[in-house]
>>> print(open('query.cif').read())   # mmCIF, C-alpha atoms and all ligand atoms
data_query
#
loop_
_atom_site.label_atom_id
_atom_site.label_comp_id
_atom_site.auth_asym_id
_atom_site.auth_seq_id
_atom_site.Cartn_x
_atom_site.Cartn_y
_atom_site.Cartn_z
CA MET A 1 113.28 109.34 122.79
CA VAL A 2 111.26 110.60 119.84
CA ASP A 3 113.24 112.30 117.09
CA PHE A 4 111.73 113.53 113.84
CA SER A 5 114.95 114.99 112.45
CA LEU A 6 116.59 113.47 109.39
CA THR A 7 120.29 112.64 109.15
CA ASP A 8 122.51 114.54 106.71
CA GLU A 9 122.56 111.44 104.51
CA GLN A 10 118.78 111.24 104.46
CA ILE A 11 118.45 114.95 103.65
CA GLU A 12 120.93 114.53 100.78
CA LEU A 13 118.98 111.55 99.41
CA GLN A 14 115.69 113.44 99.74
CA LYS A 15 117.16 116.40 97.86
CA LYS A 16 118.49 114.15 95.11
CA ALA A 17 115.01 112.68 94.64
CA ARG A 18 113.38 116.13 94.72
CA ASP A 19 115.82 117.44 92.09
CA PHE A 20 115.19 114.35 89.97
CA ALA A 21 111.42 114.86 90.15
CA GLN A 22 111.69 118.51 89.19
CA GLU A 23 114.16 118.00 86.35
CA TYR A 24 113.06 114.70 84.84
CA MET A 25 109.52 113.99 85.93
CA ILE A 26 107.37 117.12 86.11
CA PRO A 27 108.31 118.48 82.65
CA TYR A 28 107.43 115.15 80.97
CA ALA A 29 104.49 114.06 83.12
CA HIS A 30 101.84 115.62 80.88
CA HIS A 31 103.24 113.87 77.79
CA TYR A 32 103.22 110.41 79.33
CA ASP A 33 99.81 111.00 80.88
CA LYS A 34 98.37 111.85 77.47
CA THR A 35 100.08 109.08 75.49
CA GLY A 36 100.04 106.31 78.09
CA ASP A 37 103.50 105.34 76.84
CA PHE A 38 105.95 103.65 79.15
CA PRO A 39 108.40 106.33 80.35
CA LEU A 40 111.51 104.24 79.74
CA PRO A 41 113.95 107.19 79.30
CA ILE A 42 112.85 108.64 82.65
CA ILE A 43 113.09 105.27 84.41
CA ARG A 44 116.53 104.68 82.89
CA LYS A 45 117.69 108.07 84.19
CA CYS A 46 116.31 107.20 87.62
CA TRP A 47 118.14 103.87 87.60
CA GLU A 48 121.38 105.59 86.46
CA GLN A 49 121.10 108.02 89.35
CA GLY A 50 120.77 105.17 91.84
CA LEU A 51 117.23 106.13 92.83
CA MET A 52 115.72 102.74 91.97
CA ASN A 53 115.92 99.38 93.78
CA LEU A 54 116.70 101.29 96.97
CA GLY A 55 116.07 98.40 99.37
CA ILE A 56 118.49 95.94 97.78
CA PRO A 57 121.12 95.22 100.45
CA LYS A 58 124.74 96.24 99.96
CA ASP A 59 125.72 92.53 100.02
CA TYR A 60 123.85 92.17 96.73
CA GLY A 61 125.17 95.33 95.12
CA GLY A 62 122.32 97.65 96.14
CA PRO A 63 122.36 100.84 98.21
CA GLY A 64 120.76 99.05 101.18
CA TRP A 65 118.42 101.86 102.18
CA GLY A 66 115.72 101.14 104.75
CA ALA A 67 111.97 101.54 104.40
CA LEU A 68 112.23 105.07 105.83
CA GLU A 69 114.66 106.32 103.21
CA GLN A 70 112.61 104.65 100.47
CA CYS A 71 109.56 106.53 101.73
CA LEU A 72 111.42 109.85 101.68
CA VAL A 73 112.38 109.22 98.06
CA VAL A 74 108.92 108.17 96.88
CA GLU A 75 107.27 111.18 98.54
CA GLU A 76 109.48 113.39 96.37
CA MET A 77 108.96 111.38 93.20
CA ALA A 78 105.21 111.00 93.59
CA ALA A 79 105.04 114.77 93.87
CA GLY A 80 106.59 114.74 90.38
CA CYS A 81 104.54 112.01 88.68
CA ALA A 82 102.56 109.28 90.39
CA GLY A 83 102.53 106.97 87.36
CA MET A 84 106.26 107.13 86.72
CA THR A 85 106.90 106.56 90.42
CA THR A 86 104.65 103.50 90.47
CA SER A 87 106.61 101.99 87.59
CA ILE A 88 109.90 102.80 89.29
CA TYR A 89 108.84 101.55 92.72
CA VAL A 90 107.32 98.29 91.44
CA ASN A 91 110.84 96.85 91.32
CA SER A 92 110.92 97.20 95.10
CA LEU A 93 107.53 95.49 95.43
CA GLY A 94 108.54 92.73 93.01
CA ALA A 95 111.85 92.12 94.79
CA GLU A 96 110.45 92.27 98.33
CA PRO A 97 109.28 88.60 98.42
CA ILE A 98 112.88 87.63 97.61
CA LEU A 99 114.15 89.85 100.42
CA VAL A 100 111.52 88.44 102.78
CA ALA A 101 111.90 84.73 101.99
CA GLY A 102 114.62 84.16 99.40
CA SER A 103 117.58 81.85 100.00
CA ASP A 104 121.13 83.20 99.70
CA GLU A 105 121.37 81.55 96.27
CA GLN A 106 118.14 83.17 95.06
CA LYS A 107 119.24 86.58 96.33
CA GLU A 108 122.65 86.13 94.72
CA LYS A 109 121.08 85.18 91.38
CA TYR A 110 118.20 87.66 91.12
CA LEU A 111 119.04 90.82 93.11
CA PRO A 112 122.41 91.99 91.67
CA PRO A 113 121.12 92.03 88.04
CA LEU A 114 118.51 94.63 89.04
CA VAL A 115 121.26 96.96 90.17
CA GLU A 116 123.84 96.16 87.49
CA ASP A 117 121.47 96.66 84.58
CA LEU A 118 118.04 98.24 84.08
CA LYS A 119 115.89 95.17 84.67
CA PHE A 120 112.29 94.98 85.79
CA ILE A 121 110.74 92.66 88.33
CA SER A 122 106.95 92.65 88.77
CA PHE A 123 104.78 91.42 91.62
CA ALA A 124 102.15 89.04 90.23
CA CYS A 125 99.55 88.29 92.86
CA SER A 126 96.18 89.67 91.66
CA GLU A 127 93.99 87.82 89.18
CA PRO A 128 90.93 88.63 87.08
CA TYR A 129 88.60 87.17 89.75
CA MET A 130 90.69 87.89 92.85
CA GLY A 131 92.37 90.96 94.28
CA SER A 132 91.63 91.67 97.92
CA ASP A 133 91.14 88.02 98.85
CA VAL A 134 94.73 86.82 98.39
CA ALA A 135 93.86 83.40 99.87
CA GLY A 136 91.43 82.98 96.95
CA ILE A 137 94.19 82.74 94.30
CA ARG A 138 93.15 80.39 91.47
CA THR A 139 96.44 80.10 89.59
CA ARG A 140 97.40 76.46 90.08
CA VAL A 141 100.76 74.92 90.77
CA LYS A 142 101.69 71.25 90.91
CA LYS A 143 104.98 69.51 91.45
CA GLU A 144 106.29 67.40 88.56
CA GLY A 145 109.70 65.87 89.19
CA SER A 146 112.12 68.65 89.95
CA ASN A 147 109.83 71.38 88.56
CA TYR A 148 106.75 73.24 89.68
CA VAL A 149 104.26 73.68 86.84
CA LEU A 150 102.16 76.86 86.88
CA ASN A 151 98.84 77.45 85.11
CA GLY A 152 96.59 80.47 85.41
CA SER A 153 96.13 84.17 84.72
CA LYS A 154 97.32 87.19 86.62
CA PHE A 155 95.80 90.61 86.06
CA TRP A 156 96.70 94.23 86.85
CA ILE A 157 100.41 93.48 86.85
CA THR A 158 102.39 96.71 86.81
CA ASN A 159 105.28 96.79 84.30
CA ALA A 160 104.42 93.24 83.16
CA PRO A 161 105.19 93.75 79.43
CA TYR A 162 108.66 95.01 80.38
CA ALA A 163 109.37 92.58 83.22
CA ASP A 164 112.43 90.35 83.17
CA TYR A 165 111.25 88.53 86.30
CA PHE A 166 108.03 88.05 88.22
CA THR A 167 107.34 87.03 91.79
CA VAL A 168 104.26 84.87 91.26
CA PHE A 169 101.78 83.51 93.79
CA ALA A 170 99.94 80.26 93.06
CA SER A 171 97.92 77.60 94.87
CA LEU A 172 98.52 73.87 95.29
CA ASP A 173 94.81 73.48 96.05
CA PRO A 174 92.45 76.51 96.00
CA SER A 175 90.05 74.78 98.43
CA LYS A 176 92.77 74.96 101.10
CA ARG A 177 93.01 78.74 100.61
CA HIS A 178 95.94 80.45 102.38
CA LYS A 179 97.45 77.13 103.57
CA ALA A 180 98.13 76.06 99.96
CA LEU A 181 99.73 79.22 98.59
CA CYS A 182 103.28 79.22 97.26
CA ALA A 183 105.49 81.98 95.88
CA PHE A 184 107.94 81.60 93.01
CA ILE A 185 110.50 83.55 91.04
CA VAL A 186 109.49 83.22 87.40
CA GLU A 187 111.65 84.45 84.54
CA ALA A 188 109.74 86.22 81.79
CA ASP A 189 111.39 84.17 79.06
CA MET A 190 110.44 80.81 80.58
CA PRO A 191 108.30 78.92 78.03
CA GLY A 192 104.57 79.46 78.66
CA VAL A 193 104.82 83.00 80.11
CA LYS A 194 102.93 85.63 78.08
CA THR A 195 101.84 89.16 78.85
CA GLY A 196 98.70 90.82 77.53
CA PRO A 197 98.31 94.30 76.02
CA PRO A 198 98.45 97.32 78.35
CA VAL A 199 95.11 98.14 80.02
CA GLU A 200 93.74 101.67 79.38
CA LYS A 201 93.57 103.37 82.78
CA MET A 202 91.99 106.48 84.29
CA GLY A 203 95.18 107.57 86.06
CA HIS A 204 98.79 106.51 86.60
CA ARG A 205 98.90 106.43 82.83
CA ALA A 206 102.69 106.58 82.79
CA SER A 207 102.66 103.17 84.43
CA VAL A 208 101.86 100.16 82.27
CA THR A 209 99.53 97.47 83.60
CA SER A 210 98.68 94.18 81.90
CA SER A 211 97.76 90.55 82.37
CA VAL A 212 100.25 87.70 82.67
CA ILE A 213 99.22 84.33 81.29
CA LEU A 214 100.95 81.23 82.62
CA ARG A 215 100.48 78.07 80.56
CA ASP A 216 102.33 74.96 81.74
CA VAL A 217 105.23 77.09 82.91
CA LYS A 218 107.93 74.81 84.30
CA VAL A 219 109.67 76.57 87.16
CA PRO A 220 112.69 74.77 88.64
CA GLU A 221 112.11 73.75 92.26
CA GLU A 222 114.99 75.95 93.39
CA ASN A 223 112.82 78.96 92.44
CA ILE A 224 110.21 78.44 95.15
CA LEU A 225 110.44 81.16 97.80
CA GLY A 226 110.51 79.66 101.29
CA SER A 227 108.62 76.39 101.12
CA GLU A 228 105.23 75.07 100.00
CA GLY A 229 102.39 76.78 101.88
CA MET A 230 104.41 79.89 102.76
CA GLY A 231 103.02 82.05 99.93
CA PHE A 232 100.32 83.79 101.95
CA LEU A 233 102.73 84.75 104.73
CA ILE A 234 105.27 86.01 102.18
CA ALA A 235 102.61 88.17 100.48
CA MET A 236 101.48 89.66 103.81
CA GLN A 237 105.05 90.30 104.97
CA THR A 238 105.76 91.95 101.62
CA PHE A 239 102.79 94.31 101.98
CA ALA A 240 103.79 95.16 105.56
CA MET A 241 107.14 96.37 104.20
CA THR A 242 105.82 98.19 101.13
CA ARG A 243 102.57 99.81 102.34
CA PRO A 244 104.38 102.61 104.22
CA ALA A 245 105.70 103.65 100.80
CA ILE A 246 102.19 103.84 99.37
CA ALA A 247 101.36 106.24 102.20
CA ALA A 248 104.46 108.22 101.22
CA PHE A 249 103.34 108.23 97.56
CA ALA A 250 100.00 109.66 98.65
CA THR A 251 101.72 112.27 100.83
CA GLY A 252 103.85 113.42 97.89
CA LEU A 253 100.87 113.70 95.58
CA ALA A 254 98.87 115.62 98.19
CA ARG A 255 101.79 117.95 98.84
CA ALA A 256 102.08 118.76 95.14
CA ALA A 257 98.31 119.38 94.92
CA MET A 258 98.46 121.78 97.88
CA GLU A 259 101.46 123.62 96.43
CA TYR A 260 99.77 124.08 93.05
CA ALA A 261 96.65 125.34 94.83
CA ARG A 262 98.67 127.67 97.03
CA GLU A 263 100.35 129.18 93.99
CA TYR A 264 97.02 129.58 92.20
CA THR A 265 95.53 131.53 95.13
CA GLU A 266 98.34 134.07 94.73
CA LYS A 267 97.45 134.73 91.11
CA ARG A 268 93.73 134.32 90.66
CA GLU A 269 91.37 137.13 91.58
CA ALA A 270 87.64 137.09 92.30
CA PHE A 271 85.44 139.88 93.66
CA THR A 272 88.46 142.25 93.31
CA LYS A 273 90.59 140.20 95.72
CA LYS A 274 93.21 137.50 95.37
CA LEU A 275 91.84 134.08 96.28
CA ARG A 276 94.38 133.87 99.10
CA GLU A 277 92.59 136.69 100.91
CA PHE A 278 89.36 134.71 101.39
CA GLN A 279 89.28 132.96 104.73
CA ALA A 280 87.28 130.08 103.24
CA ILE A 281 90.21 129.42 100.88
CA GLN A 282 92.75 129.73 103.73
CA PHE A 283 90.75 127.13 105.66
CA LYS A 284 90.91 124.75 102.71
CA LEU A 285 94.71 125.17 102.59
CA ALA A 286 94.87 124.64 106.35
CA GLU A 287 92.91 121.39 106.08
CA MET A 288 95.20 120.21 103.29
CA TYR A 289 98.29 121.03 105.31
CA MET A 290 97.01 119.18 108.40
CA LYS A 291 96.27 116.08 106.31
CA ILE A 292 99.70 116.13 104.67
CA GLU A 293 101.49 116.57 108.00
CA ALA A 294 99.48 113.75 109.57
CA SER A 295 100.10 111.49 106.56
CA ARG A 296 103.83 112.10 106.73
CA ALA A 297 103.97 111.44 110.48
CA LEU A 298 102.09 108.18 109.96
CA TYR A 299 104.27 106.91 107.12
CA LEU A 300 107.42 107.83 109.06
CA LYS A 301 106.19 105.82 112.03
CA ALA A 302 105.23 102.88 109.83
CA ALA A 303 108.57 102.92 108.01
CA TRP A 304 110.48 103.29 111.26
CA THR A 305 108.57 100.30 112.65
CA ALA A 306 109.38 98.28 109.52
CA ASP A 307 113.07 99.12 109.85
CA THR A 308 113.34 98.53 113.57
CA THR A 309 111.03 95.56 114.17
CA GLY A 310 110.55 94.01 110.74
CA ASP A 311 106.76 93.88 111.29
CA SER A 312 104.89 97.04 110.49
CA THR A 313 101.53 95.46 109.57
CA VAL A 314 99.38 97.64 111.83
CA PRO A 315 101.13 101.03 111.48
CA ALA A 316 101.45 100.39 107.73
CA SER A 317 97.69 99.88 107.44
CA VAL A 318 97.03 103.00 109.54
CA ALA A 319 99.36 105.04 107.33
CA LYS A 320 98.11 103.61 104.03
CA ALA A 321 94.42 104.00 104.86
CA TYR A 322 94.79 107.52 106.25
CA ALA A 323 97.24 108.98 103.74
CA THR A 324 95.49 107.61 100.66
CA ASP A 325 92.08 108.91 101.76
CA ALA A 326 93.76 112.22 102.63
CA ALA A 327 95.39 112.45 99.19
CA MET A 328 92.01 111.97 97.50
CA GLU A 329 90.48 114.73 99.65
CA VAL A 330 93.42 117.09 99.18
CA ALA A 331 93.46 116.57 95.40
CA SER A 332 89.72 117.24 95.25
CA GLU A 333 89.96 120.45 97.28
CA ALA A 334 93.02 121.66 95.37
CA LEU A 335 91.11 121.09 92.14
CA GLN A 336 88.14 123.00 93.59
CA ILE A 337 90.40 125.98 94.35
CA HIS A 338 91.30 126.05 90.65
CA GLY A 339 87.63 126.32 89.70
CA GLY A 340 87.04 125.41 86.04
CA TYR A 341 90.76 125.41 85.37
CA GLY A 342 91.13 122.52 87.79
CA TYR A 343 88.99 120.45 85.47
CA ILE A 344 91.06 120.81 82.32
CA ASP A 345 94.45 119.50 81.42
CA GLN A 346 96.20 122.87 81.13
CA TYR A 347 96.70 122.57 84.88
CA PRO A 348 98.00 119.50 86.72
CA LEU A 349 95.05 119.13 89.10
CA GLU A 350 92.84 116.91 87.00
CA LYS A 351 95.77 114.49 86.58
CA LEU A 352 96.54 114.53 90.30
CA PHE A 353 92.87 113.86 91.06
CA ARG A 354 92.81 110.84 88.70
CA ASP A 355 96.14 109.58 90.00
CA ALA A 356 95.16 109.88 93.67
CA LYS A 357 92.32 107.39 93.29
CA LEU A 358 94.59 104.42 92.66
CA TYR A 359 96.27 104.75 96.04
CA GLN A 360 92.99 103.77 97.71
CA ILE A 361 92.88 100.61 95.56
CA TYR A 362 96.23 98.92 95.00
CA GLU A 363 98.38 97.13 97.60
CA GLY A 364 95.23 96.48 99.63
CA THR A 365 92.18 98.69 99.29
CA SER A 366 91.12 101.20 101.94
CA GLU A 367 88.50 98.69 103.07
CA ILE A 368 91.09 95.93 103.50
CA GLN A 369 93.26 98.24 105.63
CA ARG A 370 90.22 98.87 107.85
CA LEU A 371 89.57 95.13 108.02
CA ILE A 372 93.12 94.60 109.30
CA LEU A 373 92.75 97.44 111.80
CA GLY A 374 89.30 96.36 113.00
CA ARG A 375 90.67 92.88 113.72
CA HIS A 376 93.67 94.42 115.45
CA VAL A 377 91.54 96.56 117.79
CA LEU A 378 89.38 93.56 118.70
CA ASP A 379 91.97 90.78 118.87
CA GLY A 380 95.52 92.14 118.79
CA TYR A 381 95.40 95.46 120.59
CA ASP A 382 96.69 95.65 124.15
CA PRO A 383 94.23 97.88 126.07
CA ALA A 384 95.75 100.56 128.30
CA MET A 385 93.06 99.85 130.91
CA GLU A 386 93.69 96.24 131.86
CA ASP A 387 90.53 96.05 133.98
CA ILE A 388 88.12 98.73 132.91
CA PRO A 389 87.27 100.63 136.14
CA LYS A 390 83.59 100.73 137.01
CA TRP A 391 82.01 103.84 135.59
CA GLY A 392 79.97 106.36 137.59
CA LEU A 393 79.62 104.31 140.76
CA LYS A 394 81.10 106.81 143.21
CA ASP A 395 80.00 110.19 144.48
CA ALA A 396 82.33 113.19 144.98
CA PRO A 397 85.58 112.11 146.70
CA ASP A 398 86.47 113.42 150.16
CA PHE A 399 90.27 113.43 149.57
C1 LIG B 1 96.61 100.30 88.11
C2 LIG B 1 96.70 99.09 88.97
C3 LIG B 1 97.93 98.50 89.19
C4 LIG B 1 98.01 97.32 89.94
N1 LIG B 1 99.22 96.69 90.08
C5 LIG B 1 99.27 95.44 90.65
C6 LIG B 1 100.48 94.68 90.64
O1 LIG B 1 101.54 95.13 90.16
N2 LIG B 1 100.45 93.43 91.16
C7 LIG B 1 99.33 92.88 91.68
O2 LIG B 1 99.37 91.74 92.14
N3 LIG B 1 98.16 93.58 91.72
C8 LIG B 1 98.11 94.84 91.21
N4 LIG B 1 96.92 95.56 91.20
C9 LIG B 1 95.72 94.92 91.73
C10 LIG B 1 95.22 95.56 93.02
O3 LIG B 1 96.06 95.22 94.07
C11 LIG B 1 93.76 95.10 93.21
O4 LIG B 1 92.98 95.78 92.23
C12 LIG B 1 93.26 95.40 94.60
O5 LIG B 1 93.89 94.57 95.53
C13 LIG B 1 91.74 95.19 94.71
O6 LIG B 1 91.36 93.97 94.18
P1 LIG B 1 90.16 93.88 93.13
O7 LIG B 1 90.38 94.90 92.10
O8 LIG B 1 90.07 92.47 92.70
O9 LIG B 1 88.88 94.28 93.95
P2 LIG B 1 88.00 93.29 94.85
O10 LIG B 1 88.86 92.49 95.74
O11 LIG B 1 87.06 92.56 93.96
O12 LIG B 1 87.17 94.34 95.71
C14 LIG B 1 86.11 95.11 95.19
C15 LIG B 1 85.62 96.06 96.28
O13 LIG B 1 85.13 95.31 97.39
C16 LIG B 1 85.84 95.67 98.56
N5 LIG B 1 86.04 94.48 99.41
C17 LIG B 1 86.56 93.29 99.06
N6 LIG B 1 86.58 92.47 100.11
C18 LIG B 1 86.07 93.15 101.15
C19 LIG B 1 85.82 92.85 102.53
N7 LIG B 1 86.15 91.67 103.05
N8 LIG B 1 85.27 93.81 103.30
C20 LIG B 1 84.95 95.02 102.79
N9 LIG B 1 85.16 95.37 101.50
C21 LIG B 1 85.71 94.45 100.70
C22 LIG B 1 87.18 96.22 98.09
O14 LIG B 1 87.73 97.08 99.06
C23 LIG B 1 86.74 96.96 96.83
O15 LIG B 1 86.21 98.21 97.18
C24 LIG B 1 96.84 96.76 90.51
C25 LIG B 1 95.61 97.39 90.31
C26 LIG B 1 95.52 98.53 89.54
C27 LIG B 1 94.16 99.15 89.33
#
>>> encode(input="query.cif", output="structure tokens", more="lines below")
Ligand SMILES: Cc1cc2nc3c(=O)[nH]c(=O)nc-3n(C[C@H](O)[C@H](O)[C@H](O)COP(=O)(O)OP(=O)(O)OC[C@H]3O[C@@H](n4cnc5c(N)ncnc54)[C@H](O)[C@@H]3O)c2cc1C
Amino acid sequence: MVDFSLTDEQIELQKKARDFAQEYMIPYAHHYDKTGDFPLPIIRKCWEQGLMNLGIPKDYGGPGWGALEQCLVVEEMAAGCAGMTTSIYVNSLGAEPILVAGSDEQKEKYLPPLVEDLKFISFACSEPYMGSDVAGIRTRVKKEGSNYVLNGSKFWITNAPYADYFTVFASLDPSKRHKALCAFIVEADMPGVKTGPPVEKMGHRASVTSSVILRDVKVPEENILGSEGMGFLIAMQTFAMTRPAIAAFATGLARAAMEYAREYTEKREAFTKKLREFQAIQFKLAEMYMKIEASRALYLKAAWTADTTGDSTVPASVAKAYATDAAMEVASEALQIHGGYGYIDQYPLEKLFRDAKLYQIYEGTSEIQRLILGRHVLDGYDPAMEDIPKWGLKDAPDF
């Protein structure tokens, strides 16, 4: 059975997120975009309303929502402000390695504080010389007695200056690539952990990004996630769970862009007609709508797969690659419909256009999603035609 309807509970959650975006995000989005300040009051409000840390299980004090419900929420919030939503959702990304591979003790120690208080956990994988190639991590770890000692630099780490905890990926021996990766829970106040100044960014300016420097950081052995060598698998399993949400982010942003464009076509006149009366403009809106509908269907399938099978790698890559490209195209066309006004900051389109770009880059670029899918089609995909029937060998049948 295929069923696209949402439960009453899901509709209620979706509405709560939509109301939050309209009341607390949209009115302040321009301010935080201009200043690049961290939107702490908005994030606090979000946390107070129970719209943060959605995937933390009930056993650890969280609401225990699945990937699907998290996607419904982020679609609404990203339609309000992409940058704020990135900063809010990074707690889910940062906590996911603990959900994927943490022991009961680790979950008991690190998950409830995120729900009981406004605490931040960041995902620290990327480095100055490594982003897509996770197996190429250069941050080193070595065992010394009952500690692991970390040395290296992480870059692009969302919320890092505000983080209380990090999930950090490091290598026992970079020449052994993915086989040597390990993942750790690192507390921000452990000696040797430092964060750099926020990086000036083109978009998502309400989300703060900075480096994390690790100098002889002694991490107790009980803070390793899984065991030595499991880091690569933990990172990939984390992305499989969180990429559907990036597709949902992109869907929300695209939806907002289309709605702003739709409204503009009602007001703006050219050649004595409203823009909405030109078929060329209607076709642009139609293209936007098709892309948004397709993006939503793909993220729903990916999230459903994550919730029901626990492995959504392939549908998550399909959804992320499609929806993020679609958001870029929709934002561009919605800006075009605004003409010159799309290009200035009196209207939200230029911000949406800048914000859309990041979705094609973080949590695995569009190219990396295609790499995963190309490999899947060649090596993982189960062809419908087991033996490809011979083509064109027979004349007209006599049956
Ligand atoms: C605002 C922002 C926030 C971020 N937040 C975080 C965070 O919280 N935590 C974190 O760990 N990281 C974070 N990142 C890092 C992000 O995940 C990386 O930027 C991304 O994975 C790409 O890595 P890179 O920038 O090193 O590009 P590179 O890996 O150097 O790639 C450069 C280009 O080459 C392409 N490319 C690379 N390899 C291949 C290949 N095999 N085939 C085809 N094309 C290829 C890429 O697609 C890209 O177009 C963030 C980045 C930004 C910009």
>>> atom_distance(input="query.cif", atom1="atom CA of Pro383 of chain A", atom2="atom CA of Pro315 of chain A")
16.4 Å
>>> closest_atom_pairs(input="query.cif", of="chain A", to="ligand LIG 1 (chain B)", cutoff="6 Å", atoms="all atoms listed in the file", output="CSV")
residue,atom,partner,partner_atom,distance
A:Phe123,CA,B:LIG1,N2,4.8
A:Ala124,CA,B:LIG1,O2,4.3
A:Cys125,CA,B:LIG1,O2,3.5
A:Ser126,CA,B:LIG1,O2,3.8
A:Met130,CA,B:LIG1,O8,4.6
A:Gly131,CA,B:LIG1,O8,3.2
A:Ser132,CA,B:LIG1,O10,3.6
A:Asp133,CA,B:LIG1,O10,5.9
A:Trp156,CA,B:LIG1,C24,4.5
A:Ile157,CA,B:LIG1,O1,3.9
A:Thr158,CA,B:LIG1,O1,3.8
A:Thr209,CA,B:LIG1,C3,5.9
A:Ile361,CA,B:LIG1,C12,5.3
A:Tyr362,CA,B:LIG1,O3,3.8
A:Glu363,CA,B:LIG1,O3,4.6
A:Gly364,CA,B:LIG1,O5,4.7
A:Thr365,CA,B:LIG1,O14,4.7
A:Glu367,CA,B:LIG1,O14,4.4
A:Ile368,CA,B:LIG1,O14,5.7
>>> write_last_selection(input="query.cif", atoms="C-alpha atoms", output="mmCIF file, in the coordinates of the input")
data_model
loop_
_atom_site.group_PDB
_atom_site.id
_atom_site.type_symbol
_atom_site.label_atom_id
_atom_site.label_comp_id
_atom_site.auth_asym_id
_atom_site.auth_seq_id
_atom_site.Cartn_x
_atom_site.Cartn_y
_atom_site.Cartn_z
ATOM 1 C CA PHE A 123 104.780 91.420 91.620
ATOM 2 C CA ALA A 124 102.150 89.040 90.230
ATOM 3 C CA CYS A 125 99.550 88.290 92.860
ATOM 4 C CA SER A 126 96.180 89.670 91.660
ATOM 5 C CA MET A 130 90.690 87.890 92.850
ATOM 6 C CA GLY A 131 92.370 90.960 94.280
ATOM 7 C CA SER A 132 91.630 91.670 97.920
ATOM 8 C CA ASP A 133 91.140 88.020 98.850
ATOM 9 C CA TRP A 156 96.700 94.230 86.850
ATOM 10 C CA ILE A 157 100.410 93.480 86.850
ATOM 11 C CA THR A 158 102.390 96.710 86.810
ATOM 12 C CA THR A 209 99.530 97.470 83.600
ATOM 13 C CA ILE A 361 92.880 100.610 95.560
ATOM 14 C CA TYR A 362 96.230 98.920 95.000
ATOM 15 C CA GLU A 363 98.380 97.130 97.600
ATOM 16 C CA GLY A 364 95.230 96.480 99.630
ATOM 17 C CA THR A 365 92.180 98.690 99.290
ATOM 18 C CA GLU A 367 88.500 98.690 103.070
ATOM 19 C CA ILE A 368 91.090 95.930 103.500
#
>>> axis_aligned_box(input="query.cif", around="segment 182-198 of chain A", padding_each_side="8 Å", output="JSON")
{"center_x": 105.0, "center_y": 88.1, "center_z": 86.6, "size_x": 29.3, "size_y": 34.4, "size_z": 37.2}
>>> closest_residue(input="query.cif", among="A:Gln282, A:Thr251, A:Asn223, A:Gln237", to="Met77 of chain A", atoms="all atoms listed in the file")
A:Thr251
>>> closest_atom_pairs(input="query.cif", of="segment 268-345 of chain A", to="segment 370-381 of chain A", cutoff="8 Å", atoms="all atoms listed in the file", output="JSON lines")
{"residue": "A:Val314", "atom": "CA", "partner": "A:Leu373", "partner_atom": "CA", "distance": 6.6}
{"residue": "A:Ser317", "atom": "CA", "partner": "A:Leu373", "partner_atom": "CA", "distance": 7.0}
{"residue": "A:Val318", "atom": "CA", "partner": "A:Leu373", "partner_atom": "CA", "distance": 7.4}
{"residue": "A:Ala321", "atom": "CA", "partner": "A:Arg370", "partner_atom": "CA", "distance": 7.3}
>>> closest_residue(input="query.cif", among="A:Gly61, A:Pro39, A:Pro197, A:Pro113", to="Thr85 of chain A", atoms="all atoms listed in the file")
A:Pro39
>>> closest_residue(input="query.cif", among="A:Leu233, A:Leu51, A:Leu352, A:Met202", to="His178 of chain A", atoms="all atoms listed in the file")
A:Leu233
>>> residues_around(input="query.cif", residues="segment 161-167 of chain A", least_positions_apart="2", cutoff="9 Å", atoms="only C-alpha atoms", output="ChimeraX atom specification")
/A:94-98,110,119-125,157-159,169,183-189,194-198,208-212,225
>>> residues_around(input="query.cif", residues="Lys176 of chain A", least_positions_apart="4", cutoff="10 Å", atoms="all atoms listed in the file", output="PDB file with C-alpha atoms, keeping the file's coordinate frame")
ATOM      1  CA  ALA A 135      93.860  83.400  99.870  1.00  0.00           C
ATOM      2  CA  GLY A 136      91.430  82.980  96.950  1.00  0.00           C
ATOM      3  CA  SER A 171      97.920  77.600  94.870  1.00  0.00           C
ATOM      4  CA  LEU A 172      98.520  73.870  95.290  1.00  0.00           C
ATOM      5  CA  ALA A 180      98.130  76.060  99.960  1.00  0.00           C
ATOM      6  CA  LEU A 181      99.730  79.220  98.590  1.00  0.00           C
ATOM      7  CA  GLY A 229     102.390  76.780 101.880  1.00  0.00           C
TER       8      GLY A 229
END
>>> atom_distance(input="query.cif", atom1="atom CA of Glu287 of chain A", atom2="atom CA of Val330 of chain A")
8.1 Å
>>> residues_near_point(input="query.cif", point="(93.7, 115.0, 103.7)", cutoff="10 Å", atoms="all atoms listed in the file", output="list in words")
Ala250, Thr251, Ala254, Arg255, Glu287, Met288, Tyr289, Met290, Lys291, Ile292, Glu293, Ala294, Ser295, Tyr322, Ala323, Thr324, Asp325, Ala326, Ala327, Met328, Glu329, Val330, Ala331, Ser332 and Glu333 of chain A
>>> atom_distance(input="query.cif", atom1="atom CA of Ala306 of chain A", atom2="atom CA of Ala245 of chain A")
10.9 Å
>>> closest_residue(input="query.cif", among="A:Leu393, A:Ile137, A:Ile337, A:Ala248", to="Ala270 of chain A", atoms="all atoms listed in the file")
A:Ile337
>>> closest_residue(input="query.cif", among="A:Leu275, A:Leu358, A:Met241, A:Ala334", to="Ala67 of chain A", atoms="only C-alpha atoms")
A:Met241
